[in-house]
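Peer 1: Here you go, this is start-v2.txt (compact mmCIF, C-alpha atoms).
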```
# COMPACT_ATOMS: atom_id res chain seq x y z
CA MET A 1 -87.33 -27.84 -40.18
CA ARG A 2 -84.04 -28.38 -38.39
CA THR A 3 -82.25 -27.71 -41.65
CA ALA A 4 -84.22 -24.45 -42.10
CA ALA A 5 -83.44 -23.31 -38.54
CA ARG A 6 -79.76 -24.00 -39.02
CA THR A 7 -79.81 -22.03 -42.23
CA GLY A 8 -81.48 -19.08 -40.44
CA LEU A 9 -78.85 -19.05 -37.66
CA VAL A 10 -76.03 -19.04 -40.17
CA ALA A 11 -77.62 -16.13 -42.02
CA ALA A 12 -78.02 -14.11 -38.80
CA ALA A 13 -74.40 -14.70 -37.76
CA THR A 14 -73.20 -13.69 -41.19
CA ALA A 15 -75.24 -10.45 -41.02
CA LEU A 16 -73.83 -9.62 -37.54
CA VAL A 17 -70.23 -10.12 -38.69
CA GLY A 18 -70.89 -7.89 -41.68
CA ALA A 19 -72.31 -5.14 -39.50
CA VAL A 20 -69.27 -5.13 -37.18
CA ALA A 21 -66.90 -5.00 -40.13
CA ALA A 22 -68.79 -1.98 -41.51
CA VAL A 23 -68.10 0.16 -38.38
CA PRO A 24 -65.02 2.49 -38.84
CA ALA A 25 -61.91 1.52 -36.92
CA GLY A 26 -61.78 4.90 -35.10
CA ALA A 27 -65.29 4.50 -33.83
CA ARG A 28 -64.48 1.12 -32.43
CA THR A 29 -61.54 2.46 -30.32
CA ALA A 30 -63.12 5.74 -29.11
CA ALA A 31 -64.44 5.10 -25.63
CA PRO A 32 -64.53 7.27 -22.41
CA VAL A 33 -61.76 6.63 -19.89
CA PRO A 34 -62.96 7.61 -16.41
CA VAL A 35 -59.51 7.21 -14.84
CA ARG A 36 -57.87 9.59 -17.27
CA ALA A 37 -60.70 12.09 -16.86
CA ALA A 38 -60.26 12.02 -13.10
CA ALA A 39 -56.50 12.54 -13.47
CA SER A 40 -56.99 15.56 -15.74
CA ALA A 41 -59.34 17.09 -13.18
CA ASP A 42 -56.44 17.22 -10.71
CA ALA A 43 -54.19 19.13 -13.16
CA PRO A 44 -54.13 22.99 -13.01
CA ALA A 45 -56.86 24.40 -15.23
CA SER A 46 -56.33 27.38 -17.54
CA TRP A 47 -57.23 30.40 -15.40
CA THR A 48 -57.75 33.87 -16.88
CA ALA A 49 -57.31 37.51 -15.89
CA ALA A 50 -59.14 40.25 -17.79
CA PRO A 51 -60.81 43.63 -17.29
CA ALA A 52 -64.34 43.36 -15.95
CA ALA A 53 -67.27 43.29 -18.36
CA GLY A 54 -65.24 41.48 -21.04
CA ARG A 55 -63.30 44.52 -22.24
CA PRO A 56 -60.09 43.98 -24.26
CA TYR A 57 -58.11 46.36 -22.02
CA ALA A 58 -58.56 48.58 -18.98
CA TYR A 59 -59.23 52.22 -19.88
CA LEU A 60 -59.12 55.06 -17.35
CA GLU A 61 -59.46 58.80 -17.88
CA GLY A 62 -59.13 61.76 -15.55
CA PRO A 63 -57.11 64.87 -14.68
CA ALA A 64 -53.70 64.96 -13.02
CA GLY A 65 -53.91 64.53 -9.25
CA SER A 66 -56.90 62.17 -9.35
CA VAL A 67 -57.41 58.53 -8.32
CA LEU A 68 -59.08 56.37 -10.99
CA GLN A 69 -60.69 52.99 -10.26
CA ASP A 70 -61.43 49.84 -12.24
CA THR A 71 -61.97 46.10 -11.68
CA LEU A 72 -59.98 43.02 -12.69
CA SER A 73 -61.81 39.71 -13.17
CA LEU A 74 -59.99 36.49 -12.18
CA THR A 75 -61.61 33.24 -13.39
CA ASN A 76 -60.68 29.83 -11.96
CA PRO A 77 -62.34 26.98 -13.93
CA GLY A 78 -60.35 24.31 -12.06
CA ALA A 79 -61.42 21.95 -9.33
CA ARG A 80 -59.13 23.46 -6.69
CA PRO A 81 -58.71 26.97 -5.23
CA LEU A 82 -56.21 29.17 -7.05
CA THR A 83 -53.93 31.77 -5.41
CA VAL A 84 -53.18 34.75 -7.68
CA ARG A 85 -50.60 37.47 -7.02
CA LEU A 86 -51.22 40.92 -8.50
CA SER A 87 -48.84 43.76 -9.40
CA GLY A 88 -48.63 46.80 -11.65
CA GLN A 89 -46.00 47.95 -14.12
CA GLY A 90 -45.53 51.33 -15.80
CA ALA A 91 -48.23 53.00 -13.70
CA PRO A 92 -48.86 53.53 -9.95
CA VAL A 93 -51.42 50.71 -9.51
CA SER A 94 -52.78 49.67 -6.10
CA PHE A 95 -55.09 46.71 -5.41
CA ALA A 96 -57.68 45.94 -2.77
CA ALA A 97 -55.52 42.86 -2.11
CA ARG A 98 -52.16 41.91 -3.60
CA THR A 99 -52.83 38.18 -3.15
CA VAL A 100 -56.25 36.73 -3.96
CA THR A 101 -57.45 33.13 -3.54
CA VAL A 102 -60.14 32.27 -6.08
CA PRO A 103 -62.32 29.24 -5.19
CA ALA A 104 -62.79 26.41 -7.67
CA ARG A 105 -65.07 27.13 -10.63
CA THR A 106 -65.45 30.74 -9.52
CA ARG A 107 -64.81 34.24 -10.82
CA ALA A 108 -63.46 36.90 -8.45
CA ASP A 109 -63.65 40.63 -9.24
CA VAL A 110 -60.76 42.54 -7.66
CA PRO A 111 -60.95 46.37 -7.52
CA PHE A 112 -57.79 48.34 -8.30
CA ALA A 113 -56.91 52.03 -8.49
CA VAL A 114 -54.44 54.13 -10.47
CA THR A 115 -53.12 57.30 -8.79
CA VAL A 116 -52.45 60.04 -11.34
CA THR A 117 -49.71 62.18 -9.78
CA PRO A 118 -50.04 65.98 -10.05
CA ASP A 119 -47.00 66.22 -12.34
CA THR A 120 -48.37 63.69 -14.87
CA PRO A 121 -48.54 65.45 -18.25
CA PRO A 122 -51.80 65.40 -20.27
CA GLY A 123 -52.10 62.79 -22.98
CA GLU A 124 -52.01 59.02 -23.41
CA HIS A 125 -50.06 56.81 -20.99
CA ARG A 126 -49.62 53.03 -20.86
CA GLY A 127 -49.19 50.52 -18.09
CA THR A 128 -49.75 46.85 -17.31
CA VAL A 129 -51.64 44.91 -14.65
CA ARG A 130 -49.89 41.59 -13.99
CA ALA A 131 -51.43 38.46 -12.48
CA SER A 132 -49.35 35.34 -11.73
CA ALA A 133 -50.46 31.90 -10.49
CA ALA A 134 -49.64 28.22 -11.03
CA GLY A 135 -46.35 29.06 -12.74
CA ARG A 136 -47.94 31.32 -15.35
CA GLU A 137 -48.36 35.09 -15.75
CA ALA A 138 -51.18 36.99 -17.45
CA ARG A 139 -50.88 40.64 -18.43
CA VAL A 140 -53.72 43.11 -18.89
CA ASP A 141 -53.10 46.24 -20.95
CA LEU A 142 -53.78 49.45 -19.00
CA ARG A 143 -54.47 52.63 -20.97
CA LEU A 144 -54.63 55.93 -19.14
CA ARG A 145 -55.71 59.24 -20.60
CA VAL A 146 -54.84 62.31 -18.53
CA SER A 147 -57.01 65.29 -19.40
CA GLY A 148 -55.95 68.93 -19.36
CA PRO A 149 -54.34 71.51 -21.65
CA ARG A 150 -50.94 70.76 -23.17
CA LEU A 151 -48.51 73.58 -22.50
CA ALA A 152 -44.76 73.57 -23.22
CA ALA A 153 -42.84 76.14 -21.15
CA LEU A 154 -39.16 76.24 -20.19
CA THR A 155 -37.08 78.74 -18.19
CA VAL A 156 -33.37 79.21 -17.43
CA GLU A 157 -32.63 80.45 -13.91
CA ASP A 158 -29.81 81.03 -11.42
CA VAL A 159 -27.02 81.52 -13.95
CA HIS A 160 -23.60 81.86 -12.30
CA VAL A 161 -20.11 82.14 -13.80
CA ASP A 162 -17.15 80.74 -11.89
CA THR A 163 -14.38 83.24 -12.69
CA THR A 164 -11.72 80.80 -11.49
CA THR A 165 -12.58 77.86 -13.77
CA GLY A 166 -14.96 79.49 -16.23
CA ALA A 167 -17.68 76.92 -15.43
CA LEU A 168 -21.24 78.08 -16.09
CA ARG A 169 -23.81 76.91 -13.58
CA TYR A 170 -27.54 77.21 -14.35
CA THR A 171 -30.95 75.66 -13.63
CA LEU A 172 -33.56 74.55 -16.16
CA VAL A 173 -37.19 74.49 -15.01
CA ASN A 174 -40.15 72.90 -16.80
CA ARG A 175 -43.01 75.34 -16.22
CA GLY A 176 -45.47 73.57 -18.52
CA THR A 177 -47.57 70.41 -18.58
CA THR A 178 -45.61 68.33 -21.11
CA VAL A 179 -42.32 66.43 -20.97
CA LEU A 180 -39.47 68.48 -22.49
CA ALA A 181 -36.14 67.53 -24.08
CA PRO A 182 -34.15 70.81 -23.86
CA HIS A 183 -31.36 72.16 -26.07
CA LEU A 184 -28.84 74.78 -24.90
CA ALA A 185 -26.80 77.46 -26.69
CA VAL A 186 -24.11 79.60 -24.97
CA ARG A 187 -22.64 82.93 -26.03
CA ALA A 188 -20.29 85.32 -24.19
CA GLU A 189 -19.40 88.88 -25.22
CA GLY A 190 -16.27 90.58 -23.90
CA VAL A 191 -14.93 94.13 -24.15
CA LEU A 192 -13.31 93.45 -27.51
CA GLY A 193 -15.99 91.13 -28.95
CA THR A 194 -17.26 87.55 -28.77
CA VAL A 195 -15.16 85.25 -26.59
CA LEU A 196 -17.49 82.20 -26.61
CA ASP A 197 -20.03 81.05 -29.20
CA ARG A 198 -21.42 77.55 -28.64
CA PRO A 199 -24.41 76.65 -30.87
CA GLY A 200 -27.49 74.90 -29.52
CA ARG A 201 -27.20 71.17 -28.84
CA ALA A 202 -29.38 68.54 -27.18
CA LEU A 203 -28.82 67.99 -23.45
CA PRO A 204 -28.76 64.43 -22.06
CA LEU A 205 -31.92 64.81 -19.98
CA THR A 206 -35.71 65.14 -20.08
CA LEU A 207 -37.79 67.30 -17.76
CA ARG A 208 -41.21 66.29 -16.47
CA PRO A 209 -43.73 69.03 -15.63
CA GLY A 210 -42.52 70.99 -12.61
CA GLN A 211 -39.11 69.34 -12.61
CA ARG A 212 -35.89 71.34 -12.09
CA ALA A 213 -32.39 70.36 -13.21
CA THR A 214 -29.21 72.17 -12.16
CA ARG A 215 -26.33 71.66 -14.57
CA THR A 216 -22.79 72.91 -15.19
CA GLU A 217 -21.45 73.90 -18.60
CA ALA A 218 -17.67 73.71 -18.93
CA TRP A 219 -15.65 76.63 -20.37
CA PRO A 220 -12.11 75.30 -20.58
CA ASP A 221 -10.41 78.48 -21.89
CA PRO A 222 -12.07 81.56 -20.37
CA PRO A 223 -10.37 84.95 -20.90
CA ALA A 224 -7.58 85.84 -18.49
CA LEU A 225 -8.50 89.51 -18.31
CA ASP A 226 -11.89 90.68 -19.53
CA SER A 227 -15.36 91.76 -18.49
CA VAL A 228 -17.92 89.49 -20.13
CA THR A 229 -21.66 88.98 -20.36
CA VAL A 230 -22.70 85.34 -20.72
CA ARG A 231 -26.04 84.52 -22.36
CA LEU A 232 -27.67 81.07 -22.12
CA THR A 233 -30.57 80.20 -24.45
CA ALA A 234 -32.63 77.07 -23.82
CA THR A 235 -35.14 75.68 -26.33
CA ALA A 236 -37.51 72.70 -26.46
CA GLU A 237 -40.12 71.49 -28.92
CA GLY A 238 -43.27 73.58 -28.64
CA ALA A 239 -41.79 76.00 -26.09
CA ALA A 240 -40.66 79.57 -26.62
CA PRO A 241 -36.87 80.11 -26.31
CA ALA A 242 -35.78 80.99 -22.78
CA THR A 243 -32.78 83.28 -22.21
CA ALA A 244 -30.83 84.25 -19.10
CA ARG A 245 -27.69 86.40 -18.67
CA ALA A 246 -24.91 86.77 -16.14
CA ALA A 247 -21.98 89.22 -15.98
CA ALA A 248 -18.49 88.33 -14.80
CA SER A 249 -15.05 89.91 -14.66
CA PHE A 250 -12.00 87.74 -15.26
CA ALA A 251 -8.68 88.94 -13.82
CA SER A 252 -6.05 86.29 -13.19
CA GLY A 253 -2.81 87.03 -11.31
CA PRO A 254 -0.47 86.74 -14.32
CA ALA A 255 -2.80 88.81 -16.44
CA LEU A 256 -2.97 91.52 -13.79
CA ALA A 257 0.82 91.51 -13.46
CA GLY A 258 1.20 91.78 -17.21
CA ALA A 259 -1.34 94.58 -17.40
CA ALA A 260 0.38 96.43 -14.55
CA GLY A 261 3.71 96.04 -16.35
CA LEU A 262 2.24 97.45 -19.52
CA LEU A 263 0.77 100.36 -17.59
CA LEU A 264 4.12 101.04 -15.96
CA LEU A 265 5.87 100.87 -19.31
CA ALA A 266 3.28 103.16 -20.80
CA ALA A 267 3.60 105.56 -17.88
CA GLY A 268 7.41 105.43 -18.04
CA GLY A 269 7.42 105.99 -21.76
CA GLY A 270 5.06 108.91 -21.37
CA GLY A 271 7.22 110.49 -18.65
CA TYR A 272 10.34 110.03 -20.72
CA ALA A 273 8.68 111.69 -23.69
CA VAL A 274 7.60 114.63 -21.52
CA ARG A 275 11.07 115.04 -20.05
CA ARG A 276 12.69 114.82 -23.45
CA ARG A 277 10.30 117.36 -24.85
CA GLY A 278 11.11 119.69 -21.92
CA ARG A 279 14.86 119.37 -22.47
CA SER A 280 14.41 120.14 -26.14
CA ARG A 281 12.58 123.33 -25.32
CA THR A 282 15.24 124.32 -22.75
CA GLN A 283 17.99 123.78 -25.26
CA ARG A 284 16.20 125.82 -27.93
CA ALA A 285 15.48 128.73 -25.59
CA PRO A 286 19.16 129.98 -25.14
CA ALA A 287 19.70 129.75 -28.85
CA GLY A 288 16.75 132.00 -29.37
CA VAL A 289 18.18 134.58 -26.88
CA ARG A 290 21.50 134.75 -28.75
CA THR A 291 19.72 135.57 -31.92
```
Can the structure in the file be given as structure tokens, please?

Peer 2:
Amino acid sequence: MRTAARTGLVAAATALVGAVAAVPAGARTAAPVPVRAAASADAPASWTAAPAAGRPYAYLEGPAGSVLQDTLSLTNPGARPLTVRLSGQGAPVSFAARTVTVPARTRADVPFAVTVTPDTPPGEHRGTVRASAAGREARVDLRLRVSGPRLAALTVEDVHVDTTTGALRYTLVNRGTTVLAPHLAVRAEGVLGTVLDRPGRALPLTLRPGQRATRTEAWPDPPALDSVTVRLTATAEGAAPATARAAASFASGPALAGAAGLLLLAAGGGGYAVRRRGRSRTQRAPAGVRT
């Protein structure tokens, strides 16, 4: 019986060793480490910032001059409170609070508003809501649709010609509801014909609705002595051409002196011709008496 018991113990030990050897090596080393888990709990967790209700971006719609509201959700899954700083880019965004402290394992909904200025043109506009905390920044796409009719209208006003330098001063005004990139053409007609013909070209500016821009167009070689009518024509995509005119008289000192000299010469030549013609008649008259 002792021999049988010994044989049974050997068989059981052999079976146990075989079972341990059959377990995969990975399974043998995978075991929870409470210390490491506690250390990871102290590290900053991955917080999020997103539009409320799980939307992919914030969408607002309204007319120019209105204030549109939405909500930003800040989620802090960490074990410590999180301080988040908020700002806007590309759009006039204001928040109920610029700095928000979100408690641990909590979501905070922060209201914000976008002010659509009266001169905002209709159409699609983009902006960004920015949230920064724990050395990281999250950006939320802001899409704004401003309602209203799209109207392109441009005028040229207050045209003035500097007769000393020839400079042309004028004002462009955007009378519509869209952003305009104007072009300008200049033409001047004098007594004897065209003295300036400058084809349309793009100006280095854009005009928002209601915006005015006063500019000066150089005319390096204006006429010395002439009476001209200057015509400015402004165009922009979608807008009817706008034209304005101004009259000016150029009369420089040297030109006036030269003109006066020519007049004197012309007057002197005319008087000489009259006197000579009179002498000729006087000389012919006695000859006619003798005959």

Peer 1: Report the distance between atom CA of A:Val230 and atom CA of A:Val195 in Å, rounded to one decimal place.

Peer 2: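 About the pair atom CA of A:Val230 and atom CA of A:Val195: they are 9.6 Å apart.
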
Peer 1: When you count all atoms listed in the file, which of these residues is closest to A:Glu237: A:Gly193, A:Gly166, A:Gly127, A:Pro182?

Peer 2: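 The shortest atom-to-atom distance to A:Glu237 comes from A:Pro182.
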
Peer 1: So the first atom is atom CA of A:Thr75 and the second is atom CA of A:Asp141; what is the distance between them in Å, to one decimal place?

Peer 2: 17.3 Å

Peer 1: Taking into account all atoms listed in the file, which residue in the set A:Arg212, A:Thr165, A:Asp197, A:Val173 is nearest to A:Ala224?

Peer 2: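 Of A:Arg212, A:Thr165, A:Asp197, A:Val173, the one nearest A:Ala224, counting all atoms listed in the file, is A:Thr165.
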
Peer 1: Identify, on the basis of only C-alpha atoms, every residue whose closest approach to stretch 92-101 of chain A does not exceed 6 Å; exclude the query and any residue fewer than 2 positions from it along the same chain; express the result as a list in words.

Peer 2: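 With the cut-off at 6 Å, the set is Leu82, Thr83, Val84, Arg85, Leu86, Gly88, Pro111, Phe112, Ala113, Val114 and Thr115 of chain A.
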
Peer 1: For a cutoff of 8 Å around the file-coordinate point (-55.0, 59.5, -23.2), which residues qualify once you count only C-alpha atoms? I'd like the result as a ChimeraX atom specification.

Peer 2: /A:61,122-125,143-147
